[in-house]
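Colleague: Take a look at this one; I'll ask things after.
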Amino acid sequence: MTLDITIKQENQVLTVYLKGELDHHAVSKIKDTIDLNILKAPVKKLVLDMSGVTFMDSSGIGLIVGRFNRIRSFGGSMTIKNPSQTLLKILKMSGIDQLMKIN
Amino acid sequence: MTLDITIKQENQVLTVYLKGELDHHAVSKIKDTIDLNILKAPVKKLVLDMSGVTFMDSSGIGLIVGRFNRIRSFGGSMTIKNPSQTLLKILKMSGIDQLMKIN
Amino acid sequence: MQPINRMKIEFDSKSTNEAFARVVVAAFAAQLDPTLEDLADLKTSVSEAVTNAIIHGYEQKTGTIYMECILYSNSIKVIIEDHGIGIEDIEKAKTPAFTTKPELERSGMGFSVMESFMDTLHIESEKGKGTKIIMTKRFSRD
Amino acid sequence: MQPINRMKIEFDSKSTNEAFARVVVAAFAAQLDPTLEDLADLKTSVSEAVTNAIIHGYEQKTGTIYMECILYSNSIKVIIEDHGIGIEDIEKAKTPAFTTKPELERSGMGFSVMESFMDTLHIESEKGKGTKIIMTKRFSRD
Ligand SMILES: Nc1ncnc2c1ncn2[C@@H]1O[C@H](COP(=O)(O)OP(=O)(O)O)[C@@H](O)[C@H]1O
Ligand SMILES: Nc1ncnc2c1ncn2[C@@H]1O[C@H](COP(=O)(O)OP(=O)(O)O)[C@@H](O)[C@H]1O
């Protein structure tokens with residue numbers, strides 16, 4: 001019922017691995033954790049690995065756009081990795097694929 | 001959401017493999033299938049293989065006792081095979097283990 | 001004891017809803033992170049009460065079943081109600097192996113299962129008005 | 001069209017109940033054996049409407065959310081209702097990327113998701129009284 005988050009920092013690349021269901025409840029629990037890690041050390045690139053995410057609604061879109069704006073304000077970039085077909089559908093629908101790389 | 005049933009007849013032994021959740025809804029769907037097979041050919045032993053059963057309530061007890069009485073009226077015996085720990089709890093609670101072999 | 005979450009549901013007295021009711025209660029109780037054994041006990045007891053409402057309360061005719069779940073920090077209360085035929089003699093109904101529907105191969109073990117798998121069981125019923133089952137379960141910590 | 005099954009549920013406006021509401025609807029719709037894609041679309045849309053009731057309708061304060069599901073032979077109707085603050089201008093609210101809670105990083109895409117993932121979406125709302133979302137989805141056969 002919860003979302004697990006694992007964070008790896010290497011050469012100014014911050015990779016965030018998410019596992020579980022990404023809804024408003026989950027987003028409100030992990031947002032600060034990601035932001036703290038963006039502030040802790042210089043980050044040039046934020047990678048969101050979604051291979052473990054089994055569900056996402058527009059609260060996830062809010063999380064992604066919010067982190068995108070933040071990292072860009074530091075001059076960094078953002079990438080989404082390994083979204084399922086289901087996730088890809090909502091990522092495309094909301095135009096996230098126009099803002100950043102998805103692979 | 002449904003219960004799958006597979007039936008094997010060999011040397012007067014009728015083996016019934018159940019897979020799924022054994023509640024009142026499921027019982028009412030499979031009872032006649034088992035009984036028809038008991039009538040079709042001479043059966044000396046009825047084996048109920050529960051290895052695939054993930055849930056059972058007292059409707060399952062009713063099914064077992066009903067088939068036990070039927071097979072006994074033909075002079076046959078009955079065995080329960082491979083119930084999970086959860087199923088064993090309700091089988092023991094209701095005294096089924098006093099009526100027939102469970103292994 | 002303050003409830004930490006509650007829900008109320010009503011659904012048709014159809015046998016397909018037996019499995020549905022179990023999933024609903026299990027998903028709600030999951031918030032307390034119960035052990036698998038406690039969850040199995042709860043699902044079995046809910047299944048008994050809902051099945052009874054369908055078979056005995058409404059005698060397999062159309063009716064509505066009402067279910068309420070109240071979560072406390074460490075336990076759940078489940079109330080299952082029908083507006084069916086009611087129970088004549090509650091003490092007798094609770095006797096192991098007693099059933100008024102032997103022709104349907106009922107085992108008469110439903111109330112025994114609820115009593116043994118839950119921590120408390122309370123039955124309210126009036127002939128011709130319906131039946132209300134109130135049961136609670138405390139969750140053990142692993 | 002005759003309904004083949006129906007249920008009504010009410011639960012607290014707590015964010016833990018977003019996942020619960022999804023499981024409930026999915027378990028109910030499962031009776032029609034929908035494709036995984038249809039089921040995912042339905043769950044996402046339900047999640048949007050329930051989240052909106054929690055965040056916008058009740059502004060994260062205590063309230064009750066009402067959900068009703070009606071199953072037809074090949075489709076589902078879901079009604080999600082709150083007695084919260086209501087929507088001032090429904091047409092504006094439906095505009096993609098429009099949100100009244102940018103400070104909560106809402107994307108303003110909730111209604112767009114519901115419109116694109118369901119077959120019909122109908123919104124009734126009155127300021128100060130609450131909001132009712134009525135959506136339907138036809139299930140495709142594999
Ligand atoms: N909801 C109900 N409405 C009316 N009668 C009921 C209800 N639940 C139980 N009963 C009565 O109590 C008896 C015992 O119930 P139970 O122990 O669950 O066994 P079973 O369902 O196998 O008969 C039933 O046979 C029935 O007469
Ligand atoms: N249940 C509701 N009660 C009150 N206002 C709502 C409700 N649902 C939606 N709204 C309004 O409609 C707007 C758009 O909703 P939506 O498209 O879901 O985007 P978001 O939730 O990201 O803001 C919300 O920002 C809010 O102002």
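By convention in this document, the chains of the structure tokens carry letters A, B, ... by their order, each chain's residues are numbered from 1, and ligands are numbered from 1 in the order they are shown.
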Leaving out Gly60 of chain B and any residue of its chain fewer than 5 positions from it, which residues lie within 10 Å of it when counting only C-alpha atoms, given as a list of chain:residue names?
Modeller: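 After dropping sequence-adjacent residues, the list is B:Glu21, B:Leu22, B:Asp23, B:His24, B:Ala26, B:Val27, B:Phe55, B:Val65, B:Gly66, B:Leu87, B:Ile90, B:Leu91, C:Glu105, C:Arg106, C:Ser107.
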Colleague: Atoms to include: C-alpha atoms. Write the selected residues as a PDB file, in the first residue's frame.
Modeller:
```
ATOM      1  CA  GLU B  21     -11.308 -19.737  -3.657  1.00  0.00           C
ATOM      2  CA  LEU B  22     -13.711 -22.277  -2.214  1.00  0.00           C
ATOM      3  CA  ASP B  23     -16.716 -20.317  -0.973  1.00  0.00           C
ATOM      4  CA  HIS B  24     -20.491 -20.764  -1.302  1.00  0.00           C
ATOM      5  CA  ALA B  26     -17.804 -21.671  -6.005  1.00  0.00           C
ATOM      6  CA  VAL B  27     -19.272 -24.680  -4.205  1.00  0.00           C
ATOM      7  CA  PHE B  55      -9.353 -19.699   0.552  1.00  0.00           C
ATOM      8  CA  VAL B  65     -19.064 -33.597   4.186  1.00  0.00           C
ATOM      9  CA  GLY B  66     -21.677 -33.876   1.419  1.00  0.00           C
ATOM     10  CA  LEU B  87      -7.227 -24.549   5.302  1.00  0.00           C
ATOM     11  CA  ILE B  90     -10.729 -24.762   9.475  1.00  0.00           C
ATOM     12  CA  LEU B  91     -10.650 -28.466   8.544  1.00  0.00           C
TER      13      LEU B  91
ATOM     14  CA  GLU C 105     -25.486 -28.969   2.379  1.00  0.00           C
ATOM     15  CA  ARG C 106     -24.801 -26.206   4.865  1.00  0.00           C
ATOM     16  CA  SER C 107     -22.459 -27.485   7.558  1.00  0.00           C
TER      17      SER C 107
END
```
Colleague: Got a sec to check which residues lie within 6 Å of ligand 2, using only C-alpha atoms and all ligand atoms, and send them as a list of chain:residue names?
Modeller: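 Checked against 6 Å with only C-alpha atoms and all ligand atoms; the hits are D:Asn52, D:Ala53, D:His56, D:Gly57, D:Ile85, D:Gly86, D:Ile87, D:Ala93, D:Lys94, D:Phe98, D:Thr99, D:Thr100, D:Lys101, D:Arg106, D:Ser107, D:Gly108, D:Met109, D:Gly110, D:Phe111, D:Thr131.
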Colleague: Grab the atom CA of Ser112 of chain C to atom 15 (O, counted along the ligand's line) of ligand 1 distance for me, in Å with one decimal place.
Modeller: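 Separating atom CA of Ser112 of chain C from atom 15 (O, counted along the ligand's line) of ligand 1 is a distance of 8.5 Å.
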Colleague: Per DSSP on the backbone, filter segment 67-140 of chain C down to the residues in strand (DSSP E) and report them as a PyMOL selection string.
Modeller: chain C and resi 67-71+75-82+120-126+130-138
Colleague: Just the residues within 8 Å of Phe117 of chain C, please, counting only C-alpha atoms, with nothing from its chain fewer than 3 positions along; format it as a PyMOL selection string.
Modeller: chain C and resi 41-42+44-45+113-114
Colleague: Write a file of the selected residues as a PDB file, in the first residue's frame, keeping N, CA and C atoms.
Modeller:
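File out-v8.pdb, as written:
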```pdb
ATOM      1  N   ASP C  41      -8.113 -15.135   8.897  1.00  0.00           N
ATOM      2  CA  ASP C  41      -9.204 -15.340   9.865  1.00  0.00           C
ATOM      3  C   ASP C  41     -10.329 -14.330   9.617  1.00  0.00           C
ATOM      4  N   LEU C  42      -9.928 -13.088   9.391  1.00  0.00           N
ATOM      5  CA  LEU C  42     -10.902 -12.015   9.169  1.00  0.00           C
ATOM      6  C   LEU C  42     -11.699 -12.275   7.891  1.00  0.00           C
ATOM      7  N   THR C  44     -12.234 -15.081   6.335  1.00  0.00           N
ATOM      8  CA  THR C  44     -13.115 -16.243   6.473  1.00  0.00           C
ATOM      9  C   THR C  44     -14.386 -15.860   7.234  1.00  0.00           C
ATOM     10  N   SER C  45     -14.222 -15.105   8.313  1.00  0.00           N
ATOM     11  CA  SER C  45     -15.376 -14.727   9.129  1.00  0.00           C
ATOM     12  C   SER C  45     -16.333 -13.828   8.354  1.00  0.00           C
ATOM     13  N   VAL C 113     -17.126 -20.829  13.175  1.00  0.00           N
ATOM     14  CA  VAL C 113     -15.943 -20.225  12.549  1.00  0.00           C
ATOM     15  C   VAL C 113     -15.782 -18.774  13.010  1.00  0.00           C
ATOM     16  N   MET C 114     -16.869 -18.013  12.950  1.00  0.00           N
ATOM     17  CA  MET C 114     -16.772 -16.606  13.377  1.00  0.00           C
ATOM     18  C   MET C 114     -16.337 -16.499  14.835  1.00  0.00           C
TER      19      MET C 114
END
```
Colleague: Kindly provide, as a ChimeraX atom specification, the residues of chain D having any atom no farther than 10 Å from an atom of chain B, counting only C-alpha atoms.
Modeller: /D:27,30-31,33
Colleague: Atom CA of Thr6 of chain A and atom CA of Leu18 of chain A are how many Å apart?
Modeller: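 Atom-to-atom, atom CA of Thr6 of chain A and atom CA of Leu18 of chain A are spaced 6.7 Å apart.
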Colleague: Pull out every residue of chain D sitting within 6 Å of chain C, counting only C-alpha atoms, and send them as a ChimeraX atom specification.
Modeller: /D:6-11,24
